Amino acid sequence: MSRSIVKIVEKTCITIGRVLLGLYFLLPGISKIPTYEFTAEYMTLHSIPLVSILLPITIVLQLVLGIALIIGFRIKESALILAALTIFINVGVHDFWNEYPNTDAGHETQNFVKNLGIFAGLIVLSAAHSVSQWRLFPRTVSKKD
């Protein structure tokens with residue numbers, strides 16, 4: 001395969017992966033708005049403190065940073081913040097080691113492990129922010145790069 005085809009395939013793959021990770025956060029951020037009360041109750045059930053503050057912050061982060069990943073803006077920073085958010089959500093809400101009424105530990109285990117995969121994808125993306133990708137806002141190269 002020619003070098004130019006390889007570059008196009010690499011650029012396409014990382015762009016598709018970045019957009020899909022962005023959608024993974026954007027869509028749940030949107031869905032938390034009409035289900036706000038249910039989500040707040042679920043967080044309270046899992047003993048999350050300050051739900052009235054943390055839930056709106058979570059929604060804003062998922063919406064704004066999900067869009068940032070989709071359009072290719074501040075990829076490294078967006079991916080790292082979402083990676084941290086994913087770990088906090090994982091430990092706080094998908095705590096399969098605790099028992100809650102009407103909660104399936106197997107399902108929470110599955111969500112926990114899935115989120116570890118999302119976390120891994122985000123940290124890889126944060127390290128690959130300088131790899132050639134299609135972006136709505138092209139990256140400007142600074143002297144630090």
# chains A, B, ... in the order shown; residues from 1 in each chain; ligands from 1

$ closest_atom_pairs --of "segment 22-110 of chain A" --to "segment 125-134 of chain A" --cutoff "7 Å" --atoms "only C-alpha atoms" --output "Markdown table"
| residue | atom | partner | partner_atom | distance |
| --- | --- | --- | --- | --- |
| A:Ile75 | CA | A:His129 | CA | 5.8 |
| A:Lys76 | CA | A:Ser126 | CA | 4.1 |
| A:Ala79 | CA | A:Ser126 | CA | 5.4 |
| A:Leu80 | CA | A:Ser126 | CA | 6.2 |

$ residues_around --residues "Ala105 of chain A" --least-positions-apart "4" --cutoff "9 Å" --atoms "only C-alpha atoms" --output "count of residues only"
9

$ closest_residue --among "A:Val124, A:Val93, A:Ser2, A:Val64" --to "Ala40 of chain A" --atoms "only C-alpha atoms"
A:Val93

$ select_by_dssp --residues "chain A" --states "alpha helix (DSSP H)" --output "PyMOL selection string"
chain A and resi 3-31+36-45+51-71+75-93+105-127

$ write_last_selection --atoms "C-alpha atoms" --output "mmCIF file, in the first residue's frame"
data_model
loop_
_atom_site.group_PDB
_atom_site.id
_atom_site.type_symbol
_atom_site.label_atom_id
_atom_site.label_comp_id
_atom_site.auth_asym_id
_atom_site.auth_seq_id
_atom_site.Cartn_x
_atom_site.Cartn_y
_atom_site.Cartn_z
ATOM 1 C CA ARG A 3 2.329 5.780 2.024
ATOM 2 C CA SER A 4 -0.382 8.314 1.137
ATOM 3 C CA ILE A 5 -3.130 5.684 1.375
ATOM 4 C CA VAL A 6 -1.811 4.570 4.766
ATOM 5 C CA LYS A 7 -1.870 8.194 6.000
ATOM 6 C CA ILE A 8 -5.460 8.658 4.787
ATOM 7 C CA VAL A 9 -6.553 5.418 6.486
ATOM 8 C CA GLU A 10 -4.834 6.436 9.754
ATOM 9 C CA LYS A 11 -6.368 9.911 9.621
ATOM 10 C CA THR A 12 -9.797 8.449 8.914
ATOM 11 C CA CYS A 13 -9.575 5.859 11.706
ATOM 12 C CA ILE A 14 -8.518 8.291 14.414
ATOM 13 C CA THR A 15 -11.115 10.825 13.295
ATOM 14 C CA ILE A 16 -13.911 8.219 13.365
ATOM 15 C CA GLY A 17 -12.777 7.007 16.804
ATOM 16 C CA ARG A 18 -12.663 10.565 18.148
ATOM 17 C CA VAL A 19 -16.126 11.376 16.799
ATOM 18 C CA LEU A 20 -17.589 8.166 18.253
ATOM 19 C CA LEU A 21 -16.068 8.935 21.664
ATOM 20 C CA GLY A 22 -17.558 12.425 21.426
ATOM 21 C CA LEU A 23 -20.987 10.965 20.636
ATOM 22 C CA TYR A 24 -20.614 8.587 23.586
ATOM 23 C CA PHE A 25 -20.656 11.659 25.859
ATOM 24 C CA LEU A 26 -22.888 14.018 23.875
ATOM 25 C CA LEU A 27 -25.875 11.668 23.634
ATOM 26 C CA PRO A 28 -25.998 10.760 27.364
ATOM 27 C CA GLY A 29 -25.540 14.451 28.183
ATOM 28 C CA ILE A 30 -28.607 15.234 26.090
ATOM 29 C CA SER A 31 -30.589 12.311 27.535
ATOM 30 C CA TYR A 36 -33.007 14.830 35.115
ATOM 31 C CA GLU A 37 -35.122 13.762 38.109
ATOM 32 C CA PHE A 38 -34.566 10.041 37.472
ATOM 33 C CA THR A 39 -30.798 10.588 37.090
ATOM 34 C CA ALA A 40 -30.709 12.664 40.294
ATOM 35 C CA GLU A 41 -32.580 9.905 42.169
ATOM 36 C CA TYR A 42 -30.190 7.279 40.796
ATOM 37 C CA MET A 43 -27.181 9.322 41.910
ATOM 38 C CA THR A 44 -28.752 9.795 45.354
ATOM 39 C CA LEU A 45 -29.400 6.042 45.587
ATOM 40 C CA VAL A 51 -26.232 15.894 43.309
ATOM 41 C CA SER A 52 -27.795 19.328 42.692
ATOM 42 C CA ILE A 53 -24.319 20.620 41.782
ATOM 43 C CA LEU A 54 -22.634 17.556 40.290
ATOM 44 C CA LEU A 55 -25.430 16.541 37.917
ATOM 45 C CA PRO A 56 -25.591 19.903 36.083
ATOM 46 C CA ILE A 57 -21.783 19.967 35.914
ATOM 47 C CA THR A 58 -21.788 16.449 34.473
ATOM 48 C CA ILE A 59 -24.378 17.404 31.858
ATOM 49 C CA VAL A 60 -22.441 20.499 30.792
ATOM 50 C CA LEU A 61 -19.145 18.591 30.611
ATOM 51 C CA GLN A 62 -20.700 15.798 28.575
ATOM 52 C CA LEU A 63 -22.345 18.232 26.155
ATOM 53 C CA VAL A 64 -19.508 20.713 25.710
ATOM 54 C CA LEU A 65 -16.601 18.275 25.701
ATOM 55 C CA GLY A 66 -18.505 15.723 23.632
ATOM 56 C CA ILE A 67 -18.996 18.397 20.973
ATOM 57 C CA ALA A 68 -15.352 19.459 21.340
ATOM 58 C CA LEU A 69 -14.207 15.917 20.537
ATOM 59 C CA ILE A 70 -16.602 15.642 17.615
ATOM 60 C CA ILE A 71 -15.347 18.849 15.987
ATOM 61 C CA ILE A 75 -8.750 17.224 21.877
ATOM 62 C CA LYS A 76 -6.118 16.507 24.525
ATOM 63 C CA GLU A 77 -7.764 18.615 27.221
ATOM 64 C CA SER A 78 -11.285 17.411 26.396
ATOM 65 C CA ALA A 79 -10.230 13.762 26.397
ATOM 66 C CA LEU A 80 -8.384 14.050 29.714
ATOM 67 C CA ILE A 81 -11.283 15.805 31.469
ATOM 68 C CA LEU A 82 -13.743 13.228 30.123
ATOM 69 C CA ALA A 83 -11.379 10.433 31.207
ATOM 70 C CA ALA A 84 -11.404 11.796 34.765
ATOM 71 C CA LEU A 85 -15.200 12.191 34.648
ATOM 72 C CA THR A 86 -15.525 8.590 33.444
ATOM 73 C CA ILE A 87 -13.510 7.277 36.397
ATOM 74 C CA PHE A 88 -15.534 9.349 38.885
ATOM 75 C CA ILE A 89 -18.802 8.079 37.361
ATOM 76 C CA ASN A 90 -17.477 4.531 37.322
ATOM 77 C CA VAL A 91 -16.536 4.475 40.999
ATOM 78 C CA GLY A 92 -19.572 6.453 42.153
ATOM 79 C CA VAL A 93 -22.427 5.083 40.060
ATOM 80 C CA ALA A 105 -24.794 -6.114 39.999
ATOM 81 C CA GLY A 106 -24.007 -7.941 36.746
ATOM 82 C CA HIS A 107 -25.216 -4.990 34.699
ATOM 83 C CA GLU A 108 -23.204 -2.571 36.845
ATOM 84 C CA THR A 109 -20.110 -4.769 36.423
ATOM 85 C CA GLN A 110 -20.606 -4.675 32.668
ATOM 86 C CA ASN A 111 -20.950 -0.875 32.741
ATOM 87 C CA PHE A 112 -17.871 -0.583 34.948
ATOM 88 C CA VAL A 113 -15.696 -2.639 32.588
ATOM 89 C CA LYS A 114 -17.129 -0.884 29.503
ATOM 90 C CA ASN A 115 -16.257 2.464 31.039
ATOM 91 C CA LEU A 116 -12.694 1.276 31.636
ATOM 92 C CA GLY A 117 -12.515 0.699 27.871
ATOM 93 C CA ILE A 118 -13.891 4.206 27.239
ATOM 94 C CA PHE A 119 -11.314 5.567 29.713
ATOM 95 C CA ALA A 120 -8.552 3.746 27.817
ATOM 96 C CA GLY A 121 -9.756 5.175 24.509
ATOM 97 C CA LEU A 122 -9.797 8.689 25.961
ATOM 98 C CA ILE A 123 -6.265 8.515 27.340
ATOM 99 C CA VAL A 124 -4.992 7.096 24.042
ATOM 100 C CA LEU A 125 -6.797 9.910 22.210
ATOM 101 C CA SER A 126 -5.271 12.492 24.538
ATOM 102 C CA ALA A 127 -1.814 11.185 23.667
#
